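Asker: So that we are looking at the same thing, I have put the structure below in C-alpha cells.
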Amino acid sequence: MSPRPFIVAIDGPAGAGKSSVSKLLARRLGFALVDTGAIYRCVALMATREGIAFDDDAKLGELLGRVRIHFQVVGEENHVFLSGEDVSGEIRTPAISMGASQVSGRPVVRAGLLALQRRLALEAQAGAILEGRDIGTVVFPDADAKFFLAADPEVRARRRFEELFQKGVDSSLEAVLTDQTQRDTADSARTVAPLKAADDAMHVDSSSMPLSDVVRTLEQEIERRRGQRG
Ligand code: DC
C-alpha cells in the first residue's frame, strides 16, 4: 500500500493570506490544493440557485448528496468546478460569501462535507494542502504540518477590498470590513467546528510580512517535517 499523501493544514480567518500562500506553496511543492472555503461557497451557490434557505437543514441535507466538486489549475489559478461547471468567479460575490458563512454554521452541512474534503486530499499523489477554518482541528487532526495564519482586521479587509476591486466587483473598504467582522464573529462563535487554532499549529502573523517570507516560513517547516517523516 502506498503511504498516505503528506497533509498540510492551513487555517485562519478571511483575508489572512491563506489562498495566496497555499497557491504558491502547492505550486512549489507539487502538492494538490483543496480550498475548503470554495466547497462551502459551492453549497451556498447551489442553495441560492435552488431557492433553498441557508438554514433549511432538511433541504440542505438533500442537496449535499448532489455536490460534485473538483479543483483544477487553470493558468495561475486554482479553479473550482461544480458538476463540471467552472464557478470560480460566481462563488466570490459578497452575497455568496455571507451565504457560505451561514451554511457553514449548520452541523448537517459540516458533517456532510467531511468525507468529500478528506477524499479530495487523500487522492493527491505526493501531498495536499487544505486551507480552511477547521482543517487542523476537525478534518485532519493528524495532519503532517499545521499552520494558523492571522493578520490585523484592517490589513485583511484592505487585501479583500483590493482583490474585489481587481475583479471589478463594486464595493467599499468600509463595507468589506463590516462584512468581515460579521463573518469573523459568526465563524468563531459557532458551536460546531469554530474557527480555532489547533494546539499543535504553528502561528504566523502576516500583517507586516511580505508574501514571499510567509511562504518561505511555511515551506521550511514543511520540509523539516517531511524529513522527519522520512
Ligand atoms: O475561506 P472562505 O472565505 O472562502 O470561506 C467561506 C466561508 O466558509 C467562511 O465564512 C467560513 C466557511 N468555512 C468554514 O466554516 N470552514 C472551512 N473549513 C472553510 C470555510
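By convention in this document, the chains of the C-alpha cells carry letters A, B, ... by their order, each chain's residues are numbered from 1, and ligands are numbered from 1 in the order they are shown.
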Distance limit 8 Å, reference ligand 1, atoms considered: only C-alpha atoms and all ligand atoms. Which residues make the cut? Give them as a ChimeraX atom specification.
Answerer: /A:11,13-15,18-19,35-41,92,97-105,110,131-135,139,183-184,186-187,193-195
Asker: Would you list, as a PyMOL selection string, the residues of region 28-192 of chain A that end up in strand (DSSP E) under DSSP run on this structure's backbone?
Answerer: chain A and resi 32-35+69-74+77-82+85-86+127-132+145-150
Asker: Those residues with N, CA, C and O atoms, as a tab-separated table (two decimals), in the first residue's frame please?
Answerer:
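Written out: again00.tsv:
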chain	number	residue	atom	x	y	z
A	32	ALA	N	-1.36	18.94	-4.31
A	32	ALA	CA	-2.73	19.32	-4.68
A	32	ALA	C	-3.20	20.40	-3.71
A	32	ALA	O	-2.69	20.49	-2.58
A	33	LEU	N	-4.15	21.20	-4.15
A	33	LEU	CA	-4.67	22.27	-3.29
A	33	LEU	C	-6.17	22.11	-3.14
A	33	LEU	O	-6.91	22.09	-4.13
A	34	VAL	N	-6.61	21.98	-1.89
A	34	VAL	CA	-8.05	21.85	-1.62
A	34	VAL	C	-8.50	23.09	-0.85
A	34	VAL	O	-8.17	23.26	0.33
A	35	ASP	N	-9.24	23.95	-1.55
A	35	ASP	CA	-9.75	25.19	-0.95
A	35	ASP	C	-11.12	24.85	-0.35
A	35	ASP	O	-12.12	24.85	-1.05
A	69	ILE	N	-17.66	18.12	-6.80
A	69	ILE	CA	-16.67	19.19	-6.90
A	69	ILE	C	-15.31	18.64	-7.31
A	69	ILE	O	-14.90	17.57	-6.86
A	70	HIS	N	-14.64	19.36	-8.19
A	70	HIS	CA	-13.22	19.07	-8.38
A	70	HIS	C	-12.46	20.37	-8.61
A	70	HIS	O	-13.04	21.38	-9.02
A	71	PHE	N	-11.19	20.34	-8.28
A	71	PHE	CA	-10.32	21.51	-8.46
A	71	PHE	C	-9.38	21.24	-9.62
A	71	PHE	O	-8.95	20.10	-9.83
A	72	GLN	N	-9.07	22.29	-10.34
A	72	GLN	CA	-8.14	22.14	-11.47
A	72	GLN	C	-7.38	23.46	-11.66
A	72	GLN	O	-8.00	24.54	-11.63
A	73	VAL	N	-6.08	23.37	-11.81
A	73	VAL	CA	-5.29	24.58	-12.03
A	73	VAL	C	-5.50	25.03	-13.48
A	73	VAL	O	-5.29	24.26	-14.40
A	74	VAL	N	-5.96	26.28	-13.63
A	74	VAL	CA	-6.15	26.86	-14.97
A	74	VAL	C	-5.26	28.11	-15.00
A	74	VAL	O	-5.51	29.06	-14.25
A	77	GLU	N	-4.31	30.02	-11.68
A	77	GLU	CA	-5.33	29.94	-10.63
A	77	GLU	C	-5.85	28.53	-10.39
A	77	GLU	O	-5.91	27.72	-11.31
A	78	ASN	N	-6.27	28.28	-9.14
A	78	ASN	CA	-6.90	27.02	-8.78
A	78	ASN	C	-8.41	27.19	-8.99
A	78	ASN	O	-9.06	27.86	-8.20
A	79	HIS	N	-8.95	26.63	-10.05
A	79	HIS	CA	-10.38	26.81	-10.33
A	79	HIS	C	-11.20	25.71	-9.69
A	79	HIS	O	-10.75	24.58	-9.53
A	80	VAL	N	-12.45	26.07	-9.34
A	80	VAL	CA	-13.34	25.07	-8.75
A	80	VAL	C	-14.49	24.80	-9.72
A	80	VAL	O	-15.07	25.73	-10.30
A	81	PHE	N	-14.76	23.51	-9.89
A	81	PHE	CA	-15.82	23.07	-10.81
A	81	PHE	C	-16.92	22.37	-10.02
A	81	PHE	O	-16.64	21.48	-9.22
A	82	LEU	N	-18.15	22.82	-10.27
A	82	LEU	CA	-19.32	22.24	-9.62
A	82	LEU	C	-20.10	21.48	-10.69
A	82	LEU	O	-20.59	22.10	-11.64
A	85	GLU	N	-19.10	22.50	-14.06
A	85	GLU	CA	-19.21	23.92	-14.44
A	85	GLU	C	-18.19	24.74	-13.64
A	85	GLU	O	-18.13	24.62	-12.42
A	86	ASP	N	-17.41	25.56	-14.33
A	86	ASP	CA	-16.44	26.41	-13.63
A	86	ASP	C	-17.18	27.56	-12.94
A	86	ASP	O	-17.69	28.46	-13.60
A	127	GLY	N	1.28	15.05	-2.06
A	127	GLY	CA	0.77	15.69	-0.86
A	127	GLY	C	-0.37	16.63	-1.19
A	127	GLY	O	-0.65	16.88	-2.36
A	128	ALA	N	-1.03	17.13	-0.14
A	128	ALA	CA	-2.15	18.05	-0.35
A	128	ALA	C	-2.10	19.15	0.68
A	128	ALA	O	-1.75	18.92	1.84
A	129	ILE	N	-2.47	20.35	0.22
A	129	ILE	CA	-2.60	21.49	1.12
A	129	ILE	C	-4.09	21.76	1.23
A	129	ILE	O	-4.77	21.92	0.21
A	130	LEU	N	-4.60	21.78	2.44
A	130	LEU	CA	-6.01	22.11	2.64
A	130	LEU	C	-6.07	23.43	3.38
A	130	LEU	O	-5.41	23.59	4.43
A	131	GLU	N	-6.83	24.39	2.83
A	131	GLU	CA	-6.98	25.64	3.54
A	131	GLU	C	-8.42	25.81	3.98
A	131	GLU	O	-9.34	25.44	3.25
A	132	GLY	N	-8.59	26.32	5.21
A	132	GLY	CA	-9.95	26.48	5.73
A	132	GLY	C	-9.97	27.06	7.12
A	132	GLY	O	-9.19	27.97	7.45
A	145	ALA	N	1.57	18.68	8.91
A	145	ALA	CA	2.03	20.02	9.29
A	145	ALA	C	0.80	20.91	9.40
A	145	ALA	O	-0.09	20.85	8.56
A	146	LYS	N	0.75	21.71	10.48
A	146	LYS	CA	-0.42	22.57	10.71
A	146	LYS	C	0.01	24.02	10.91
A	146	LYS	O	0.97	24.27	11.65
A	147	PHE	N	-0.74	24.92	10.27
A	147	PHE	CA	-0.43	26.35	10.41
A	147	PHE	C	-1.70	27.13	10.71
A	147	PHE	O	-2.79	26.76	10.24
A	148	PHE	N	-1.54	28.21	11.49
A	148	PHE	CA	-2.66	29.13	11.70
A	148	PHE	C	-2.17	30.51	11.26
A	148	PHE	O	-1.26	31.07	11.85
A	149	LEU	N	-2.77	31.01	10.16
A	149	LEU	CA	-2.37	32.31	9.62
A	149	LEU	C	-3.29	33.39	10.16
A	149	LEU	O	-4.51	33.24	10.11
A	150	ALA	N	-2.70	34.47	10.64
A	150	ALA	CA	-3.50	35.58	11.16
A	150	ALA	C	-2.99	36.89	10.58
A	150	ALA	O	-1.89	36.94	10.02
Asker: Could you jot down the CA of Leu60 (chain A) to CA of Val43 (chain A) separation for me, Å, one decimal place?
Answerer: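 Separation between CA of Leu60 (chain A) and CA of Val43 (chain A): 8.2 Å.
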Asker: In Å, rounded to a single decimal, give me how far CA of Leu29 (chain A) is from CA of Ala157 (chain A).
Answerer: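 Separating CA of Ala157 (chain A) from CA of Leu29 (chain A) is a distance of 28.8 Å.
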Asker: Looking at A:Val21, A:Leu113, A:Pro3, A:Ala151, which one is nearest to Asp213 (chain A), with distances taken over only C-alpha atoms?
Answerer: A:Val21
Asker: If you run DSSP over the backbone, which residues in chain A end up helix (DSSP H, G or I)? Put them as number ranges by chain.
Answerer: A: 18-29, 36-49, 57-64, 90-92, 94-103, 107-122, 135-139, 153-166, 173-189, 211-229
Asker: So which one's closest to Ile7 (chain A), A:Thr178, A:Thr185, A:Ser212, A:Gln125? Using only C-alpha atoms, please.
Answerer: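 Among the listed residues, the smallest separation from Ile7 (chain A) belongs to A:Gln125.
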Asker: Measure the distance from CA of Ala126 (chain A) to CA of Pro5 (chain A) in Å and round it to one decimal.
Answerer: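 CA of Pro5 (chain A) lies 5.3 Å from CA of Ala126 (chain A).
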Asker: Measuring between only C-alpha atoms, which one of A:Thr93, A:Thr217, A:Gln228, A:Thr48 shows the shortest distance to Leu63 (chain A)?
Answerer: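 When distances to Leu63 (chain A) are compared using only C-alpha atoms, the smallest one comes from A:Thr48.
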Asker: Which of these, A:Ala58, A:Met202, A:Ala9, A:Ala16, has the shortest distance to Arg106 (chain A) once you count only C-alpha atoms?
Answerer: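 Closest to Arg106 (chain A) of all the choices is A:Ala58.
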Asker: Which of these residues is nearest to Val67 (chain A), using only C-alpha atoms: A:Gln117, A:Ser20, A:Ser206, A:Gln220?
Answerer: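 When distances to Val67 (chain A) are compared using only C-alpha atoms, the smallest one comes from A:Gln117.
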Asker: List the neighbours of Arg158 (chain A) out to 12 Å using only C-alpha atoms; skip same-chain residues closer than 4 positions along the sequence, and give me the result as a ChimeraX atom specification.
Answerer: /A:14-17,151-154,162-165,171-178,180,207
Asker: Please produce a file of the residues just selected, as a PDB file, in the first residue's frame, where the atoms kept are N, CA and C atoms.
Answerer:
ATOM      1  N   ALA A  14     -10.727  34.989   7.244  1.00  0.00           N
ATOM      2  CA  ALA A  14     -10.754  35.530   5.886  1.00  0.00           C
ATOM      3  C   ALA A  14      -9.729  36.650   5.737  1.00  0.00           C
ATOM      4  N   GLY A  15      -8.991  36.620   4.635  1.00  0.00           N
ATOM      5  CA  GLY A  15      -8.054  37.702   4.343  1.00  0.00           C
ATOM      6  C   GLY A  15      -6.694  37.566   5.023  1.00  0.00           C
ATOM      7  N   ALA A  16      -6.467  36.474   5.731  1.00  0.00           N
ATOM      8  CA  ALA A  16      -5.177  36.297   6.417  1.00  0.00           C
ATOM      9  C   ALA A  16      -4.069  35.915   5.439  1.00  0.00           C
ATOM     10  N   GLY A  17      -4.459  35.637   4.199  1.00  0.00           N
ATOM     11  CA  GLY A  17      -3.458  35.306   3.179  1.00  0.00           C
ATOM     12  C   GLY A  17      -3.413  33.827   2.846  1.00  0.00           C
ATOM     13  N   ALA A 151      -3.795  37.947  10.686  1.00  0.00           N
ATOM     14  CA  ALA A 151      -3.365  39.293  10.299  1.00  0.00           C
ATOM     15  C   ALA A 151      -4.361  40.270  10.917  1.00  0.00           C
ATOM     16  N   ASP A 152      -3.943  41.529  11.113  1.00  0.00           N
ATOM     17  CA  ASP A 152      -4.828  42.540  11.699  1.00  0.00           C
ATOM     18  C   ASP A 152      -6.083  42.688  10.832  1.00  0.00           C
ATOM     19  N   PRO A 153      -7.254  42.940  11.473  1.00  0.00           N
ATOM     20  CA  PRO A 153      -8.506  43.064  10.711  1.00  0.00           C
ATOM     21  C   PRO A 153      -8.438  44.104   9.584  1.00  0.00           C
ATOM     22  N   GLU A 154      -7.811  45.258   9.839  1.00  0.00           N
ATOM     23  CA  GLU A 154      -7.757  46.308   8.803  1.00  0.00           C
ATOM     24  C   GLU A 154      -6.921  45.838   7.611  1.00  0.00           C
ATOM     25  N   GLU A 162      -8.962  45.044  -2.204  1.00  0.00           N
ATOM     26  CA  GLU A 162      -8.117  45.134  -3.416  1.00  0.00           C
ATOM     27  C   GLU A 162      -8.441  43.986  -4.380  1.00  0.00           C
ATOM     28  N   GLU A 163      -8.646  42.795  -3.814  1.00  0.00           N
ATOM     29  CA  GLU A 163      -8.948  41.611  -4.613  1.00  0.00           C
ATOM     30  C   GLU A 163     -10.276  41.807  -5.361  1.00  0.00           C
ATOM     31  N   LEU A 164     -11.296  42.291  -4.638  1.00  0.00           N
ATOM     32  CA  LEU A 164     -12.607  42.517  -5.264  1.00  0.00           C
ATOM     33  C   LEU A 164     -12.491  43.601  -6.330  1.00  0.00           C
ATOM     34  N   PHE A 165     -11.743  44.659  -5.996  1.00  0.00           N
ATOM     35  CA  PHE A 165     -11.558  45.789  -6.924  1.00  0.00           C
ATOM     36  C   PHE A 165     -10.943  45.302  -8.236  1.00  0.00           C
ATOM     37  N   SER A 171     -17.452  47.763  -4.486  1.00  0.00           N
ATOM     38  CA  SER A 171     -17.582  47.669  -3.033  1.00  0.00           C
ATOM     39  C   SER A 171     -16.853  48.848  -2.398  1.00  0.00           C
ATOM     40  N   SER A 172     -16.821  48.912  -1.077  1.00  0.00           N
ATOM     41  CA  SER A 172     -16.028  49.942  -0.403  1.00  0.00           C
ATOM     42  C   SER A 172     -15.269  49.250   0.731  1.00  0.00           C
ATOM     43  N   LEU A 173     -14.183  49.879   1.169  1.00  0.00           N
ATOM     44  CA  LEU A 173     -13.371  49.291   2.240  1.00  0.00           C
ATOM     45  C   LEU A 173     -14.219  49.120   3.506  1.00  0.00           C
ATOM     46  N   GLU A 174     -15.085  50.118   3.776  1.00  0.00           N
ATOM     47  CA  GLU A 174     -15.933  50.071   4.980  1.00  0.00           C
ATOM     48  C   GLU A 174     -16.883  48.871   4.909  1.00  0.00           C
ATOM     49  N   ALA A 175     -17.478  48.672   3.718  1.00  0.00           N
ATOM     50  CA  ALA A 175     -18.438  47.562   3.570  1.00  0.00           C
ATOM     51  C   ALA A 175     -17.722  46.224   3.734  1.00  0.00           C
ATOM     52  N   VAL A 176     -16.508  46.119   3.185  1.00  0.00           N
ATOM     53  CA  VAL A 176     -15.752  44.864   3.289  1.00  0.00           C
ATOM     54  C   VAL A 176     -15.411  44.589   4.752  1.00  0.00           C
ATOM     55  N   LEU A 177     -15.000  45.658   5.488  1.00  0.00           N
ATOM     56  CA  LEU A 177     -14.635  45.493   6.903  1.00  0.00           C
ATOM     57  C   LEU A 177     -15.856  45.077   7.731  1.00  0.00           C
ATOM     58  N   THR A 178     -17.007  45.676   7.424  1.00  0.00           N
ATOM     59  CA  THR A 178     -18.230  45.332   8.162  1.00  0.00           C
ATOM     60  C   THR A 178     -18.601  43.872   7.919  1.00  0.00           C
ATOM     61  N   GLN A 180     -16.646  41.471   6.957  1.00  0.00           N
ATOM     62  CA  GLN A 180     -15.598  40.615   7.518  1.00  0.00           C
ATOM     63  C   GLN A 180     -15.790  40.430   9.025  1.00  0.00           C
ATOM     64  N   SER A 207       0.565  40.240   9.001  1.00  0.00           N
ATOM     65  CA  SER A 207       0.197  41.663   8.878  1.00  0.00           C
ATOM     66  C   SER A 207       1.278  42.487   8.197  1.00  0.00           C
TER      67      SER A 207
END
Asker: For each of A:Arg27, A:Asp144, A:Thr181, A:Glu76, take the minimum atom-to-atom distance to Gly230 (chain A), counting only C-alpha atoms, then give the residue where this is smallest.
Answerer: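 The closest residue to Gly230 (chain A) is A:Asp144.
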